[in-house]
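Chemist: Pasting a structure below so you can have a look.
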Amino acid sequence: MMRLYFQNGGERIWFPSFLQTVGCPLIFFPLLLSFLRRRRCLEEQETTPFFLMKPPLFIAAIVVGLLVGFDNYLYSYGLAYIPVSTASLIISAQLGFTALFAFFMVKQKFTPFTINAIVLLTGGAVVLALNSDSDKLANETHKEYVVGFIMTLGAALLYGFILPLVELSYKKSGQRITYTLALEFQMVLCFAATCVCLVGMLAAGDFKVIAGEARDFKLGESLYYVVIVFTAIIWQAFFVGAIGLIFCASSLVSGIMVSALLPVTVILAVICFQEKFQAGKGVALALSLWGSVSYFYGQVKSEEKTKAQDTQLSQLPVTDYVA
């Protein structure tokens with residue numbers, strides 16, 4: 001959706017960055033339902049809090065949100081100058097950064113399958129870097145492509161830091177994390193990120209040119225606003241999944257799921273935008289798919305091993321021990 005904006009006449013950077021988190025008010029509706037449910041369950045209705053978040057977690061959400069705002073800008077800048085398929089494969093390198101930061105920040109444990117997946121997915125981005133000259137967009141200089149590549153890689157690095165930081169915030173919050181609390185964290189996070197991008201838009205004068213940009217949009221003015229609205233909704237759905245996976249599993253699992261779905265983006269980009277699909281990009285896609293399969297196979301084997309151990313323990317005879 002963001003590439004659709006740039007390809008058809010969109011030229012702003014802070015504005016699409018703003019769209020990545022401006023849909024956060026949508027989270028208010030599931031939070032309202034959660035509040036009403038809690039209110040029915042409690043006898044003293046007037047004591048039912050609407051927000052469960054305490055100050056330490058609230059402050060952590062603001063800090064993470066500020067980082068997300070800058071990460072949005074890096075990603076938007078990169079996507080303005082490189083094909084979406086290339087950007088997606090570069091972003092898959094965030095898994096390596098996520099694993100590195102998760103190891104030091106939240107003491108993440110690794111299996112051979114996880115390490116293999118990280119190496120393969122990160123290797124895909126390296127292959128793209130080595131084949132960058134043949135992947136430039138039309139009317140684009142080599143300097144613009146290099147800057148776009150570096151900005152996208154920077155976005156992957158920062159996002160790889162953000163995911164473990166969210167997990168660390170959960171662990172250090174002093175609160176029992178529920179999915180309702182995770183949604184509250186996301187809403188505050190996205191609000192802070194939106195404020196960062198809003199300041200950037202004001203400084204860049206984006207509000208003065210949006211109406212004109214909509215009139216000149218190649219697909220038409222009405223479709224311009226359709227693209228904007230759906231971009232905001234889709235990004236918010238992405239954040240619900242990414243932040244929710246950290247709550248349900250870990251930051252590393254969230255990063256792996258993001259990387260695992262990127263091949264779909266690559267294929268759609270080639271189909272929808274007729275982007276070039278050179279040998280280097282094919283190798284990167286193959287490495288990405290291989291890494292994803294490796295991780296999920298390792299997860300299945302790990303679960304089977306755990307179930308076998310549980311079965312063996314349940315079959316051991318129980319004897320009374322008398323001192």
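Labeling convention for the structure tokens: chains A, B, ... as they appear, residues from 1 per chain, ligands from 1 in order of appearance.
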Would you mind listing what lies within 9 Å of Leu32 of chain A as a VMD selection string, with only C-alpha atoms counted and same-chain residues fewer than 5 positions away left out?
Modeler: chain A and resid 27 37 50
Chemist: Write the residues of the selection above to a file with C-alpha atoms, as a compact mmCIF listing (two decimals), in the first residue's frame.
Modeler:
```txt
# COMPACT_ATOMS: atom_id res chain seq x y z
CA ILE A 27 -7.69 0.04 19.48
CA ARG A 37 -16.72 -7.05 30.38
CA PHE A 50 -10.79 1.87 32.28
```
Chemist: From the set A:Val84, A:Thr311, A:Glu221, A:Ser169, which residue has the shortest atom-to-atom contact distance to Ile267 of chain A, counting only C-alpha atoms?
Modeler: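 Distance minimum relative to Ile267 of chain A lands on A:Val84.
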Chemist: Give me, as JSON lines, the closest atom pair and its distance (Å, one decimal) for every residue of segment 171-246 of chain A within a cut-off of 8 Å of segment 51-63 of chain A, counting only C-alpha atoms, rows sorted by chain and rising number.
Modeler:
```
{"residue": "A:Ser173", "atom": "CA", "partner": "A:Leu57", "partner_atom": "CA", "distance": 5.3}
{"residue": "A:Gln175", "atom": "CA", "partner": "A:Lys54", "partner_atom": "CA", "distance": 7.9}
{"residue": "A:Leu181", "atom": "CA", "partner": "A:Leu52", "partner_atom": "CA", "distance": 6.4}
{"residue": "A:Glu184", "atom": "CA", "partner": "A:Met53", "partner_atom": "CA", "distance": 7.0}
{"residue": "A:Phe185", "atom": "CA", "partner": "A:Ala61", "partner_atom": "CA", "distance": 5.7}
{"residue": "A:Gln186", "atom": "CA", "partner": "A:Ala61", "partner_atom": "CA", "distance": 7.4}
{"residue": "A:Val188", "atom": "CA", "partner": "A:Ala61", "partner_atom": "CA", "distance": 5.9}
{"residue": "A:Leu189", "atom": "CA", "partner": "A:Ala61", "partner_atom": "CA", "distance": 4.8}
{"residue": "A:Ala192", "atom": "CA", "partner": "A:Ile62", "partner_atom": "CA", "distance": 5.6}
```
Chemist: Would you output that residue set with C-alpha atoms, as a short mmCIF file (atom, residue, chain, number, x, y, z; two decimals), in the first residue's frame?
Modeler:
```cif
data_model
loop_
_atom_site.label_atom_id
_atom_site.label_comp_id
_atom_site.auth_asym_id
_atom_site.auth_seq_id
_atom_site.Cartn_x
_atom_site.Cartn_y
_atom_site.Cartn_z
CA SER A 173 6.69 -3.47 34.42
CA GLN A 175 2.34 -5.88 36.32
CA LEU A 181 -2.73 -4.45 28.82
CA GLU A 184 -3.11 -0.40 25.98
CA PHE A 185 0.67 -0.50 25.56
CA GLN A 186 0.24 -0.51 21.80
CA VAL A 188 0.16 4.59 23.90
CA LEU A 189 3.13 3.45 21.78
CA ALA A 192 3.70 8.67 20.82
#
```
Chemist: Please report as JSON lines every residue of segment 195-268 of chain A lying within 9 Å of segment 99-118 of chain A, along with the nearest atom pair and their distance in Å (one decimal), using only C-alpha atoms.
Modeler:
```
{"residue": "A:Ser250", "atom": "CA", "partner": "A:Gln108", "partner_atom": "CA", "distance": 8.6}
{"residue": "A:Ser251", "atom": "CA", "partner": "A:Ala102", "partner_atom": "CA", "distance": 7.2}
{"residue": "A:Leu252", "atom": "CA", "partner": "A:Ala99", "partner_atom": "CA", "distance": 6.0}
{"residue": "A:Gly255", "atom": "CA", "partner": "A:Ala99", "partner_atom": "CA", "distance": 8.3}
{"residue": "A:Ile256", "atom": "CA", "partner": "A:Ile118", "partner_atom": "CA", "distance": 8.4}
```
Chemist: Between atom CA of Ala193 of chain A and atom CA of Leu67 of chain A, what is the spacing in Å?
Modeler: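 Spanning atom CA of Leu67 of chain A to atom CA of Ala193 of chain A is a straight-line distance of 7.2 Å.
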